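Student: Next comes the structure file work-v5.pdb, holding PDB, C-alpha atoms.
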ATOM      1  CA  MET A   1       0.000   0.000   0.000
ATOM      2  CA  ALA A   2       1.282   3.475  -0.871
ATOM      3  CA  ALA A   3       2.159   5.291   2.319
ATOM      4  CA  SER A   4       3.159   8.618   3.723
ATOM      5  CA  VAL A   5       6.243   8.327   5.915
ATOM      6  CA  VAL A   6       7.052  10.622   8.811
ATOM      7  CA  ILE A   7      10.556  10.440  10.290
ATOM      8  CA  GLY A   8      10.762  11.720  13.858
ATOM      9  CA  ALA A   9       8.252  11.585  16.698
ATOM     10  CA  GLY A  10       8.726  14.980  18.284
ATOM     11  CA  ALA A  11       5.624  17.079  18.878
ATOM     12  CA  THR A  12       5.324  18.178  15.248
ATOM     13  CA  GLY A  13       6.175  14.777  13.773
ATOM     14  CA  VAL A  14       3.491  13.115  15.903
ATOM     15  CA  ALA A  15       0.921  15.771  14.997
ATOM     16  CA  THR A  16       1.746  15.357  11.295
ATOM     17  CA  ALA A  17       1.452  11.571  11.419
ATOM     18  CA  ARG A  18      -1.861  11.835  13.228
ATOM     19  CA  GLN A  19      -3.292  14.412  10.798
ATOM     20  CA  LEU A  20      -2.264  12.300   7.812
ATOM     21  CA  ALA A  21      -3.773   9.167   9.368
ATOM     22  CA  ASP A  22      -6.969  10.988  10.291
ATOM     23  CA  SER A  23      -7.332  11.961   6.618
ATOM     24  CA  GLY A  24      -7.351   8.277   5.681
ATOM     25  CA  LYS A  25      -3.719   7.827   4.645
ATOM     26  CA  HIS A  26      -1.575   4.890   5.735
ATOM     27  CA  VAL A  27       1.321   6.368   7.698
ATOM     28  CA  ARG A  28       4.662   4.859   8.639
ATOM     29  CA  LEU A  29       6.219   6.668  11.591
ATOM     30  CA  ILE A  30       9.951   5.981  11.851
ATOM     31  CA  THR A  31      11.919   6.627  15.034
ATOM     32  CA  ARG A  32      14.920   5.030  16.732
ATOM     33  CA  SER A  33      12.728   3.559  19.469
ATOM     34  CA  GLY A  34       9.559   2.862  17.515
ATOM     35  CA  SER A  35       7.641   5.383  19.617
ATOM     36  CA  GLY A  36       4.547   7.262  18.529
ATOM     37  CA  PRO A  37       0.796   7.476  18.996
ATOM     38  CA  ASP A  38      -1.451   4.426  19.112
ATOM     39  CA  HIS A  39      -3.545   4.963  15.967
ATOM     40  CA  PRO A  40      -4.999   2.384  13.568
ATOM     41  CA  GLY A  41      -3.641   4.320  10.597
ATOM     42  CA  ILE A  42      -0.086   4.649  11.929
ATOM     43  CA  GLU A  43       2.505   1.909  11.597
ATOM     44  CA  ARG A  44       5.364   2.544  14.022
ATOM     45  CA  ILE A  45       8.812   1.424  12.896
ATOM     46  CA  ALA A  46      11.948   1.316  15.052
ATOM     47  CA  LEU A  47      14.870   2.284  12.815
ATOM     48  CA  ASP A  48      17.917   4.518  12.870
ATOM     49  CA  ALA A  49      17.338   6.875   9.941
ATOM     50  CA  GLY A  50      21.086   7.286   9.614
ATOM     51  CA  ARG A  51      21.298   3.739   8.190
ATOM     52  CA  THR A  52      20.581   4.628   4.604
ATOM     53  CA  ASP A  53      20.149   1.137   3.150
ATOM     54  CA  GLU A  54      17.748   0.034   5.880
ATOM     55  CA  LEU A  55      15.847   3.301   5.657
ATOM     56  CA  ALA A  56      15.477   2.983   1.880
ATOM     57  CA  GLU A  57      13.894  -0.441   2.411
ATOM     58  CA  ALA A  58      11.466   1.012   4.958
ATOM     59  CA  LEU A  59      10.516   3.772   2.503
ATOM     60  CA  ALA A  60       9.680   1.364  -0.325
ATOM     61  CA  GLY A  61       6.300   2.209  -1.836
ATOM     62  CA  ALA A  62       6.051   5.558  -0.076
ATOM     63  CA  THR A  63       4.677   8.520  -1.982
ATOM     64  CA  THR A  64       5.893  11.205   0.428
ATOM     65  CA  VAL A  65       8.547  11.380   3.145
ATOM     66  CA  VAL A  66       8.220  14.056   5.817
ATOM     67  CA  ASN A  67      11.549  14.639   7.551
ATOM     68  CA  ALA A  68      10.718  15.896  11.039
ATOM     69  CA  ALA A  69      13.854  14.363  12.556
ATOM     70  CA  MET A  70      15.845  16.214  15.178
ATOM     71  CA  THR A  71      19.127  15.613  16.956
ATOM     72  CA  ALA A  72      20.279  17.087  20.276
ATOM     73  CA  TYR A  73      20.331  20.878  19.900
ATOM     74  CA  GLN A  74      23.919  21.266  21.034
ATOM     75  CA  THR A  75      25.153  18.671  18.488
ATOM     76  CA  TRP A  76      23.563  20.053  15.309
ATOM     77  CA  PRO A  77      26.773  20.894  13.385
ATOM     78  CA  GLU A  78      28.065  17.345  13.856
ATOM     79  CA  THR A  79      24.894  15.234  13.792
ATOM     80  CA  MET A  80      22.335  16.909  11.534
ATOM     81  CA  PRO A  81      24.250  16.839   8.193
ATOM     82  CA  PRO A  82      24.890  13.062   8.084
ATOM     83  CA  LEU A  83      21.375  12.231   9.292
ATOM     84  CA  PHE A  84      19.680  14.462   6.734
ATOM     85  CA  ALA A  85      22.001  13.243   3.967
ATOM     86  CA  SER A  86      20.905   9.692   4.756
ATOM     87  CA  ILE A  87      17.203  10.602   4.714
ATOM     88  CA  LEU A  88      17.580  12.522   1.454
ATOM     89  CA  ALA A  89      19.458   9.656  -0.213
ATOM     90  CA  ALA A  90      16.958   7.037   0.965
ATOM     91  CA  THR A  91      14.024   9.149  -0.206
ATOM     92  CA  GLU A  92      15.631   9.529  -3.623
ATOM     93  CA  ARG A  93      16.111   5.765  -3.883
ATOM     94  CA  ALA A  94      12.477   5.199  -2.933
ATOM     95  CA  GLY A  95      11.265   7.617  -5.614
ATOM     96  CA  ALA A  96       9.230   9.563  -3.077
ATOM     97  CA  ASP A  97       8.610  13.283  -2.625
ATOM     98  CA  TYR A  98      10.585  14.955   0.165
ATOM     99  CA  VAL A  99       9.154  17.408   2.710
ATOM    100  CA  MET A 100      11.541  18.908   5.269
ATOM    101  CA  LEU A 101      10.661  20.547   8.555
ATOM    102  CA  GLY A 102      12.956  23.526   9.074
ATOM    103  CA  ASN A 103      13.082  26.816  10.949
ATOM    104  CA  HIS A 104      14.097  30.448  10.521
ATOM    105  CA  TYR A 105      17.738  30.164  11.582
ATOM    106  CA  GLY A 106      19.084  30.090   8.028
ATOM    107  CA  TYR A 107      18.155  33.655   7.111
ATOM    108  CA  GLN A 108      20.533  36.580   7.264
ATOM    109  CA  GLN A 109      19.987  38.945  10.158
ATOM    110  CA  THR A 110      17.539  41.681   9.198
ATOM    111  CA  THR A 111      15.470  44.398  10.859
ATOM    112  CA  GLY A 112      12.402  43.888   8.679
ATOM    113  CA  PRO A 113       9.954  41.020   8.352
ATOM    114  CA  VAL A 114      11.514  37.753   7.169
ATOM    115  CA  THR A 115      10.020  36.259   4.012
ATOM    116  CA  GLU A 116      10.884  33.119   2.079
ATOM    117  CA  ARG A 117      12.884  35.381  -0.235
ATOM    118  CA  THR A 118      15.127  36.772   2.516
ATOM    119  CA  PRO A 119      18.699  35.658   1.660
ATOM    120  CA  MET A 120      19.945  32.482   3.292
ATOM    121  CA  ASN A 121      23.120  34.032   4.647
ATOM    122  CA  PRO A 122      23.251  33.205   8.372
ATOM    123  CA  HIS A 123      25.960  34.302  10.781
ATOM    124  CA  THR A 124      25.515  31.487  13.320
ATOM    125  CA  ARG A 125      26.693  27.846  13.322
ATOM    126  CA  LYS A 126      23.195  26.427  13.650
ATOM    127  CA  GLY A 127      21.925  28.814  11.011
ATOM    128  CA  ARG A 128      24.588  27.642   8.569
ATOM    129  CA  VAL A 129      23.589  24.034   9.241
ATOM    130  CA  ARG A 130      19.942  24.751   8.503
ATOM    131  CA  ALA A 131      20.745  26.714   5.352
ATOM    132  CA  GLU A 132      23.009  23.958   4.013
ATOM    133  CA  LEU A 133      20.449  21.205   4.670
ATOM    134  CA  TRP A 134      17.927  23.095   2.560
ATOM    135  CA  ARG A 135      20.485  23.810  -0.192
ATOM    136  CA  GLN A 136      21.175  20.106  -0.509
ATOM    137  CA  ALA A 137      17.487  19.267  -0.777
ATOM    138  CA  LYS A 138      16.897  22.114  -3.243
ATOM    139  CA  ASN A 139      19.833  20.964  -5.378
ATOM    140  CA  ALA A 140      18.365  17.455  -5.513
ATOM    141  CA  HIS A 141      15.070  18.968  -6.627
ATOM    142  CA  ASP A 142      16.676  21.208  -9.257
ATOM    143  CA  GLU A 143      18.636  18.246 -10.644
ATOM    144  CA  GLY A 144      15.433  16.242 -11.015
ATOM    145  CA  ARG A 145      16.408  13.575  -8.492
ATOM    146  CA  LEU A 146      13.230  14.097  -6.448
ATOM    147  CA  ARG A 147      10.689  16.772  -5.595
ATOM    148  CA  ALA A 148      11.475  18.731  -2.427
ATOM    149  CA  THR A 149       9.963  21.448  -0.279
ATOM    150  CA  GLU A 150      10.491  22.778   3.227
ATOM    151  CA  VAL A 151       8.159  24.176   5.897
ATOM    152  CA  ARG A 152       9.879  26.599   8.290
ATOM    153  CA  ALA A 153       8.526  27.075  11.791
ATOM    154  CA  GLY A 154       9.231  29.523  14.600
ATOM    155  CA  GLN A 155       9.470  29.079  18.364
ATOM    156  CA  TYR A 156       7.112  26.272  19.245
ATOM    157  CA  LEU A 157       3.955  26.270  21.325
ATOM    158  CA  GLY A 158       1.807  23.218  21.917
ATOM    159  CA  PRO A 159       1.756  19.879  23.719
ATOM    160  CA  GLY A 160       5.178  18.278  23.796
ATOM    161  CA  ALA A 161       6.796  21.291  22.141
ATOM    162  CA  VAL A 162      10.367  22.151  23.104
ATOM    163  CA  SER A 163      11.277  25.842  23.036
ATOM    164  CA  GLY A 164      12.539  28.594  25.283
ATOM    165  CA  PHE A 165       8.955  29.374  26.242
ATOM    166  CA  THR A 166       7.920  25.812  27.049
ATOM    167  CA  LEU A 167      11.138  25.057  28.947
ATOM    168  CA  LEU A 168      11.708  28.262  30.884
ATOM    169  CA  VAL A 169       8.490  30.227  31.091
ATOM    170  CA  ALA A 170       5.387  28.037  30.978
ATOM    171  CA  PRO A 171       6.130  25.760  33.979
ATOM    172  CA  ARG A 172       6.965  28.721  36.229
ATOM    173  CA  VAL A 173       3.981  30.801  35.131
ATOM    174  CA  ARG A 174       1.550  27.967  35.806
ATOM    175  CA  GLU A 175       2.935  27.667  39.349
ATOM    176  CA  GLY A 176       2.883  31.424  39.958
ATOM    177  CA  GLU A 177       6.670  31.580  40.253
ATOM    178  CA  LEU A 178       9.256  33.962  38.824
ATOM    179  CA  ALA A 179      10.108  32.998  35.230
ATOM    180  CA  LEU A 180      13.448  33.772  33.613
ATOM    181  CA  VAL A 181      13.064  34.551  29.914
ATOM    182  CA  HIS A 182      15.570  34.418  27.102
ATOM    183  CA  GLY A 183      15.670  37.878  25.584
ATOM    184  CA  ASN A 184      13.328  40.856  25.759
ATOM    185  CA  PRO A 185       9.886  39.776  27.037
ATOM    186  CA  ASP A 186       8.253  42.744  25.303
ATOM    187  CA  ALA A 187       9.757  42.235  21.832
ATOM    188  CA  ALA A 188       7.314  40.900  19.228
ATOM    189  CA  HIS A 189       8.153  37.344  18.237
ATOM    190  CA  SER A 190       6.932  34.735  15.745
ATOM    191  CA  PHE A 191       5.605  31.602  17.429
ATOM    192  CA  SER A 192       4.392  28.418  15.738
ATOM    193  CA  TYR A 193       1.737  26.102  17.144
ATOM    194  CA  THR A 194       2.668  22.467  16.530
ATOM    195  CA  GLU A 195      -0.737  21.588  15.050
ATOM    196  CA  ASP A 196      -0.504  24.533  12.625
ATOM    197  CA  VAL A 197       2.946  23.411  11.511
ATOM    198  CA  ALA A 198       1.657  19.877  11.008
ATOM    199  CA  SER A 199      -1.220  21.240   8.914
ATOM    200  CA  ALA A 200       1.308  23.094   6.774
ATOM    201  CA  LEU A 201       3.409  19.946   6.260
ATOM    202  CA  VAL A 202       0.300  17.998   5.263
ATOM    203  CA  ALA A 203      -0.879  20.761   2.907
ATOM    204  CA  VAL A 204       2.389  21.120   0.996
ATOM    205  CA  SER A 205       2.891  17.361   0.741
ATOM    206  CA  GLY A 206      -0.266  17.014  -1.307
ATOM    207  CA  ASP A 207      -0.170  20.041  -3.588
ATOM    208  CA  GLU A 208       1.628  20.438  -6.916
ATOM    209  CA  ARG A 209       2.300  24.114  -6.183
ATOM    210  CA  ALA A 210       4.488  23.331  -3.194
ATOM    211  CA  TRP A 211       7.596  21.832  -4.758
ATOM    212  CA  GLY A 212      10.963  23.476  -5.288
ATOM    213  CA  ARG A 213      10.684  26.157  -2.639
ATOM    214  CA  ALA A 214      10.271  26.757   1.090
ATOM    215  CA  TRP A 215       7.167  27.923   2.945
ATOM    216  CA  HIS A 216       6.672  29.595   6.291
ATOM    217  CA  ALA A 217       4.250  27.788   8.552
ATOM    218  CA  PRO A 218       1.524  30.073   9.937
ATOM    219  CA  VAL A 219       2.868  32.169  12.808
ATOM    220  CA  ILE A 220       1.351  33.763  15.891
ATOM    221  CA  ILE A 221       2.898  37.197  16.388
ATOM    222  CA  THR A 222       2.990  38.133  20.048
ATOM    223  CA  THR A 223       5.377  38.859  22.911
ATOM    224  CA  LEU A 224       6.618  36.515  25.600
ATOM    225  CA  ARG A 225       4.888  38.690  28.172
ATOM    226  CA  GLN A 226       1.522  38.422  26.418
ATOM    227  CA  ALA A 227       1.925  34.669  25.995
ATOM    228  CA  ALA A 228       2.801  34.344  29.677
ATOM    229  CA  THR A 229      -0.137  36.544  30.703
ATOM    230  CA  ASP A 230      -2.627  34.548  28.637
ATOM    231  CA  LEU A 231      -1.220  31.273  29.977
ATOM    232  CA  ALA A 232      -1.570  32.504  33.555
ATOM    233  CA  GLU A 233      -5.183  33.500  32.958
ATOM    234  CA  LEU A 234      -5.988  30.119  31.420
ATOM    235  CA  HIS A 235      -4.628  28.354  34.507
ATOM    236  CA  GLY A 236      -5.969  30.755  37.097
ATOM    237  CA  ALA A 237      -2.420  31.709  38.076
ATOM    238  CA  PRO A 238      -1.342  35.171  39.277
ATOM    239  CA  GLU A 239       0.028  37.797  36.914
ATOM    240  CA  PRO A 240       3.358  36.459  35.652
ATOM    241  CA  ARG A 241       6.657  37.809  36.909
ATOM    242  CA  LEU A 242       9.315  37.790  34.195
ATOM    243  CA  GLU A 243      12.996  38.638  34.290
ATOM    244  CA  PRO A 244      15.554  38.276  31.488
ATOM    245  CA  LEU A 245      18.164  35.537  31.754
ATOM    246  CA  THR A 246      21.644  36.896  32.415
ATOM    247  CA  GLU A 247      24.878  35.450  31.049
ATOM    248  CA  ARG A 248      25.535  34.128  34.549
ATOM    249  CA  ASP A 249      22.143  32.385  34.566
ATOM    250  CA  LEU A 250      22.899  30.677  31.262
ATOM    251  CA  THR A 251      26.340  29.645  32.487
ATOM    252  CA  LEU A 252      24.864  28.060  35.593
ATOM    253  CA  LEU A 253      22.146  26.308  33.607
ATOM    254  CA  SER A 254      24.735  24.949  31.184
ATOM    255  CA  PHE A 255      26.320  23.011  34.035
ATOM    256  CA  THR A 256      23.081  21.030  34.346
ATOM    257  CA  ASP A 257      22.478  20.593  30.598
ATOM    258  CA  PRO A 258      24.716  21.626  27.652
ATOM    259  CA  LEU A 259      21.556  22.696  25.787
ATOM    260  CA  TRP A 260      21.558  26.021  27.599
ATOM    261  CA  ARG A 261      24.949  27.243  26.420
ATOM    262  CA  GLU A 262      23.573  27.120  22.869
ATOM    263  CA  PHE A 263      20.953  29.783  23.593
ATOM    264  CA  ALA A 264      23.450  32.655  23.488
ATOM    265  CA  GLU A 265      24.187  32.091  19.797
ATOM    266  CA  MET A 266      20.563  32.720  18.814
ATOM    267  CA  SER A 267      19.981  35.674  21.149
ATOM    268  CA  TYR A 268      19.555  38.079  18.233
ATOM    269  CA  MET A 269      16.163  36.464  17.529
ATOM    270  CA  SER A 270      14.841  37.167  21.028
ATOM    271  CA  GLU A 271      16.449  40.422  22.120
ATOM    272  CA  ARG A 272      14.575  42.535  19.562
ATOM    273  CA  PRO A 273      11.491  41.992  17.377
ATOM    274  CA  PHE A 274      11.693  38.996  15.055
ATOM    275  CA  LEU A 275       8.805  39.061  12.618
ATOM    276  CA  VAL A 276       8.029  36.381  10.043
ATOM    277  CA  ASP A 277       5.753  36.932   7.044
ATOM    278  CA  ASP A 278       3.526  33.884   6.475
ATOM    279  CA  SER A 279       1.396  35.396   3.701
ATOM    280  CA  ASP A 280       2.614  32.949   1.028
ATOM    281  CA  ILE A 281       1.182  29.889   2.758
ATOM    282  CA  ARG A 282      -1.955  31.777   3.733
ATOM    283  CA  ASP A 283      -2.625  32.974   0.194
ATOM    284  CA  THR A 284      -1.654  29.739  -1.580
ATOM    285  CA  PHE A 285      -3.117  27.074   0.700
ATOM    286  CA  GLY A 286      -5.635  29.042   2.755
ATOM    287  CA  LEU A 287      -3.898  28.189   6.025
ATOM    288  CA  LYS A 288      -4.217  30.481   9.021
ATOM    289  CA  PRO A 289      -2.635  30.290  12.464
ATOM    290  CA  SER A 290      -4.577  29.280  15.516
ATOM    291  CA  THR A 291      -5.094  31.985  18.103
ATOM    292  CA  LEU A 292      -2.603  32.363  20.917
ATOM    293  CA  ARG A 293      -5.228  31.164  23.401
ATOM    294  CA  GLU A 294      -5.936  28.069  21.324
ATOM    295  CA  ALA A 295      -2.246  27.174  21.221
ATOM    296  CA  LEU A 296      -1.753  27.769  24.942
ATOM    297  CA  ALA A 297      -4.906  25.928  25.998
ATOM    298  CA  THR A 298      -3.423  22.618  24.836
TER     299      THR A 298
END
Please express the file's structure as structure tokens.
Tutor:
Amino acid sequence: MAASVVIGAGATGVATARQLADSGKHVRLITRSGSGPDHPGIERIALDAGRTDELAEALAGATTVVNAAMTAYQTWPETMPPLFASILAATERAGADYVMLGNHYGYQQTTGPVTERTPMNPHTRKGRVRAELWRQAKNAHDEGRLRATEVRAGQYLGPGAVSGFTLLVAPRVREGELALVHGNPDAAHSFSYTEDVASALVAVSGDERAWGRAWHAPVIITTLRQAATDLAELHGAPEPRLEPLTERDLTLLSFTDPLWREFAEMSYMSERPFLVDDSDIRDTFGLKPSTLREALAT
């Protein structure tokens, strides 16, 4: 049976697999551990996607491969390129279409709204990784080896999402405690709700207009303070107390988990407004973001 394959069972990968299965498609969800939701339309497969030959066998008969894989944040420069090269090669062998889940790190730093036409000229290590992964997929598309597209998401909101907000702010706000925030809590930022991103991945995977370019998933433009305030109201918690993380705070946190030392590199996205234009996906596919309250309520 022809199948849609999703690689990676993070919050967005799971939401994508579930949305595809709910639409009646047979879905193979590939992870190292074989984890994923219990759904009659989802076949869970335990497989290391870095093993290209084995992955190509698992992709046999697939029409579309959604790459929602993720490695440990602090290891991206070393671990993401070989993993994505394996997934791209296996997808090409299988003759399937290729949909990547990306983010906004690959763009050059700018003061205006970021569009899909903003140059991919990043100044950070993780940004260069993201830009190169897309260039490789786009080259494969341009050479006729497969059809490729990418959906780029912002800071995540939603169940199971991992972001500065979900790690640092949300747990403290719900308990009425002081929350340390990364960056300026009053700077406008572009958030992505996991279900909205999944809807974007599903939409582009089934539309002839999607291929050969990247798309911004629908974004919720708000501030960390507003998100924290709405979350507190939803949980009946007191008005949130927010203070910016200092370099000392990040240093101390990095002793408990190396993830935290990576935050400094991307500070430019949180210290001043970072606005993303999602009009292309709105106008082309009719997708709109959920409201901030809808994203936080989950």
Student: Name the residues in contact with Asn67 of chain A at a cut-off of 8 Å, using all atoms listed in the file, excluding same-chain residues fewer than 4 positions from it; report them as number ranges by chain.
Tutor: A: 6-8, 87, 98-101
Student: Starting from the PyMOL selection byres ((chain A and resi 212) around 9), expand the selection into actual residues of this file and give them as a VMD selection string.
Tutor: chain A and resid 137 to 138 141 to 142 147 to 150 209 to 211 213 to 214
Student: Taking (8.1, 32.3, 39.8) in the file's coordinates, which residues come within 10 Å, counting only C-alpha atoms, written as a PyMOL selection string?
Tutor: chain A and resi 169+171-180+238+240-243
Student: Might I get the box with edges along x, y and z of the file that holds all atoms of segment 104-114 of chain A listed there, padded by 6 Å on every side, given as centre and edge lengths in Å to one decimal, as AutoDock Vina command-line options?
Tutor:
--center_x 15.2 --center_y 37.2 --center_z 9.3 --size_x 22.6 --size_y 26.3 --size_z 16.5
Student: For each of A:Ala188, A:Met80, A:Leu231, A:Leu245, take the minimum atom-to-atom distance to Pro113 of chain A, counting only C-alpha atoms, then give the residue where this is smallest.
Tutor: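 Between A:Ala188, A:Met80, A:Leu231, A:Leu245, the residue approaching Pro113 of chain A most closely is A:Ala188.
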Student: Translate the PyMOL selection byres ((chain A and resi 42) around 8) into a concrete residue list for this structure, as number ranges by chain.
Tutor: A: 17-18, 21, 26-29, 37-41, 43-44
Student: Any idea what's packed within 9 Å of segment 116-132 of chain A, counting only C-alpha atoms, ignoring anything in its chain fewer than 2 positions away? Could you give it as a compact mmCIF listing (two decimals) with C-alpha atoms, in the frame of the given file?
Tutor:
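Written output follows (selection-v4.txt):
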# COMPACT_ATOMS: atom_id res chain seq x y z
CA TYR A 73 20.33 20.88 19.90
CA TRP A 76 23.56 20.05 15.31
CA PRO A 77 26.77 20.89 13.38
CA MET A 80 22.34 16.91 11.53
CA PRO A 81 24.25 16.84 8.19
CA GLY A 102 12.96 23.53 9.07
CA ASN A 103 13.08 26.82 10.95
CA HIS A 104 14.10 30.45 10.52
CA TYR A 105 17.74 30.16 11.58
CA GLY A 106 19.08 30.09 8.03
CA TYR A 107 18.16 33.66 7.11
CA GLN A 108 20.53 36.58 7.26
CA GLN A 109 19.99 38.94 10.16
CA THR A 110 17.54 41.68 9.20
CA PRO A 113 9.95 41.02 8.35
CA VAL A 114 11.51 37.75 7.17
CA TRP A 134 17.93 23.10 2.56
CA ARG A 135 20.48 23.81 -0.19
CA GLN A 136 21.18 20.11 -0.51
CA ALA A 137 17.49 19.27 -0.78
CA ARG A 213 10.68 26.16 -2.64
CA ALA A 214 10.27 26.76 1.09
CA TRP A 215 7.17 27.92 2.94
CA HIS A 216 6.67 29.60 6.29
CA GLU A 265 24.19 32.09 19.80
CA MET A 266 20.56 32.72 18.81
CA ASP A 277 5.75 36.93 7.04
CA ASP A 278 3.53 33.88 6.48
CA ASP A 280 2.61 32.95 1.03
Student: Could you expand the PyMOL selection byres ((chain A and resi 58) around 10) into the explicit residues it covers here, written as a PyMOL selection string?
Tutor: chain A and resi 5+28+30+45+47+49+52-57+59-62+90-91+94
Student: Convert the current residue selection to file output with C-alpha atoms, as a tab-separated table (two decimals), keeping the file's coordinate frame.
Tutor:
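out.tsv, written as the output of this step:
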chain	number	residue	atom	x	y	z
A	5	VAL	CA	6.24	8.33	5.92
A	28	ARG	CA	4.66	4.86	8.64
A	30	ILE	CA	9.95	5.98	11.85
A	45	ILE	CA	8.81	1.42	12.90
A	47	LEU	CA	14.87	2.28	12.82
A	49	ALA	CA	17.34	6.88	9.94
A	52	THR	CA	20.58	4.63	4.60
A	53	ASP	CA	20.15	1.14	3.15
A	54	GLU	CA	17.75	0.03	5.88
A	55	LEU	CA	15.85	3.30	5.66
A	56	ALA	CA	15.48	2.98	1.88
A	57	GLU	CA	13.89	-0.44	2.41
A	59	LEU	CA	10.52	3.77	2.50
A	60	ALA	CA	9.68	1.36	-0.32
A	61	GLY	CA	6.30	2.21	-1.84
A	62	ALA	CA	6.05	5.56	-0.08
A	90	ALA	CA	16.96	7.04	0.96
A	91	THR	CA	14.02	9.15	-0.21
A	94	ALA	CA	12.48	5.20	-2.93
Student: Provide the atom CA of Gly112 of chain A to atom CA of Ser267 of chain A distance in Å, to one decimal place.
Tutor: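 Separation of atom CA of Gly112 of chain A and atom CA of Ser267 of chain A: 16.7 Å.
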Student: Smallest atom-to-atom distance to Thr79 of chain A: which of A:Val65, A:Ala11, A:Gly50, A:Leu201, using only C-alpha atoms?
Tutor: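 The answer is A:Gly50, which sits nearest to Thr79 of chain A.
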Student: For each of A:Arg152, A:Ser192, A:Ala85, A:Leu167, take the minimum atom-to-atom distance to Ala140 of chain A, counting only C-alpha atoms, then give the residue where this is smallest.
Tutor: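 Between A:Arg152, A:Ser192, A:Ala85, A:Leu167, the residue approaching Ala140 of chain A most closely is A:Ala85.
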Student: Determine, counting all atoms listed in the file, which protein, DNA and RNA residues have an atom within 9 Å of an atom of Arg225 of chain A; residues of the same chain fewer than 2 positions away are not included. Present the result as number ranges by chain.
Tutor: A: 185-187, 222-223, 227-230, 240-242
Student: Enter the distance from atom CA of Asn139 of chain A to atom CA of Gly95 of chain A, in Å, rounded to one decimal.
Tutor: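 Going from atom CA of Asn139 of chain A over to atom CA of Gly95 of chain A covers 15.9 Å.
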Student: To one decimal place, how far is atom CA of Arg145 of chain A from atom CA of Val66 of chain A in Å?
Tutor: 16.5 Å
Student: Counting only C-alpha atoms, which residue out of A:Phe285, A:Thr194, A:Asn184, A:Asp22 sits closest to Gly10 of chain A?
Tutor: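 Smallest distance to Gly10 of chain A is found for A:Thr194.
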Student: With distances taken over all atoms listed in the file, which residue among A:Thr31, A:Ser279, A:Ser190, A:Ser4 lies nearest Gln155 of chain A?
Tutor: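 Ranking A:Thr31, A:Ser279, A:Ser190, A:Ser4 by distance to Gln155 of chain A, first place goes to A:Ser190.
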Student: Model the absent atoms of segment 228-238 of chain A so that N, CA, C and O atoms are present, and write the result as a PDB file, keeping the file's coordinate frame.
Tutor:
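The result, written out as rebuild13.pdb:
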ATOM      1  N   ALA A 228       2.782  34.720  28.268  1.00  0.00           N
ATOM      2  CA  ALA A 228       2.801  34.344  29.677  1.00  0.00           C
ATOM      3  C   ALA A 228       1.537  34.806  30.394  1.00  0.00           C
ATOM      4  O   ALA A 228       0.961  34.087  31.224  1.00  0.00           O
ATOM      5  N   THR A 229       1.077  36.013  30.075  1.00  0.00           N
ATOM      6  CA  THR A 229      -0.137  36.544  30.703  1.00  0.00           C
ATOM      7  C   THR A 229      -1.359  35.709  30.337  1.00  0.00           C
ATOM      8  O   THR A 229      -2.172  35.355  31.201  1.00  0.00           O
ATOM      9  N   ASP A 230      -1.491  35.365  29.067  1.00  0.00           N
ATOM     10  CA  ASP A 230      -2.627  34.548  28.637  1.00  0.00           C
ATOM     11  C   ASP A 230      -2.563  33.161  29.275  1.00  0.00           C
ATOM     12  O   ASP A 230      -3.598  32.599  29.668  1.00  0.00           O
ATOM     13  N   LEU A 231      -1.358  32.593  29.360  1.00  0.00           N
ATOM     14  CA  LEU A 231      -1.220  31.273  29.977  1.00  0.00           C
ATOM     15  C   LEU A 231      -1.622  31.319  31.448  1.00  0.00           C
ATOM     16  O   LEU A 231      -2.314  30.413  31.947  1.00  0.00           O
ATOM     17  N   ALA A 232      -1.205  32.363  32.147  1.00  0.00           N
ATOM     18  CA  ALA A 232      -1.570  32.504  33.555  1.00  0.00           C
ATOM     19  C   ALA A 232      -3.083  32.606  33.718  1.00  0.00           C
ATOM     20  O   ALA A 232      -3.666  31.968  34.615  1.00  0.00           O
ATOM     21  N   GLU A 233      -3.731  33.362  32.873  1.00  0.00           N
ATOM     22  CA  GLU A 233      -5.183  33.500  32.958  1.00  0.00           C
ATOM     23  C   GLU A 233      -5.881  32.173  32.692  1.00  0.00           C
ATOM     24  O   GLU A 233      -6.862  31.822  33.362  1.00  0.00           O
ATOM     25  N   LEU A 234      -5.386  31.407  31.733  1.00  0.00           N
ATOM     26  CA  LEU A 234      -5.988  30.119  31.420  1.00  0.00           C
ATOM     27  C   LEU A 234      -5.885  29.147  32.586  1.00  0.00           C
ATOM     28  O   LEU A 234      -6.742  28.269  32.757  1.00  0.00           O
ATOM     29  N   HIS A 235      -4.842  29.283  33.394  1.00  0.00           N
ATOM     30  CA  HIS A 235      -4.628  28.354  34.507  1.00  0.00           C
ATOM     31  C   HIS A 235      -5.006  28.952  35.861  1.00  0.00           C
ATOM     32  O   HIS A 235      -4.766  28.324  36.895  1.00  0.00           O
ATOM     33  N   GLY A 236      -5.590  30.134  35.840  1.00  0.00           N
ATOM     34  CA  GLY A 236      -5.969  30.755  37.097  1.00  0.00           C
ATOM     35  C   GLY A 236      -4.786  31.112  37.972  1.00  0.00           C
ATOM     36  O   GLY A 236      -4.900  31.161  39.204  1.00  0.00           O
ATOM     37  N   ALA A 237      -3.637  31.365  37.343  1.00  0.00           N
ATOM     38  CA  ALA A 237      -2.420  31.709  38.076  1.00  0.00           C
ATOM     39  C   ALA A 237      -2.317  33.230  38.207  1.00  0.00           C
ATOM     40  O   ALA A 237      -2.954  33.986  37.464  1.00  0.00           O
ATOM     41  N   PRO A 238      -1.508  33.720  39.138  1.00  0.00           N
ATOM     42  CA  PRO A 238      -1.342  35.171  39.277  1.00  0.00           C
ATOM     43  C   PRO A 238      -0.624  35.774  38.080  1.00  0.00           C
ATOM     44  O   PRO A 238      -0.044  35.066  37.255  1.00  0.00           O
TER      45      PRO A 238
END
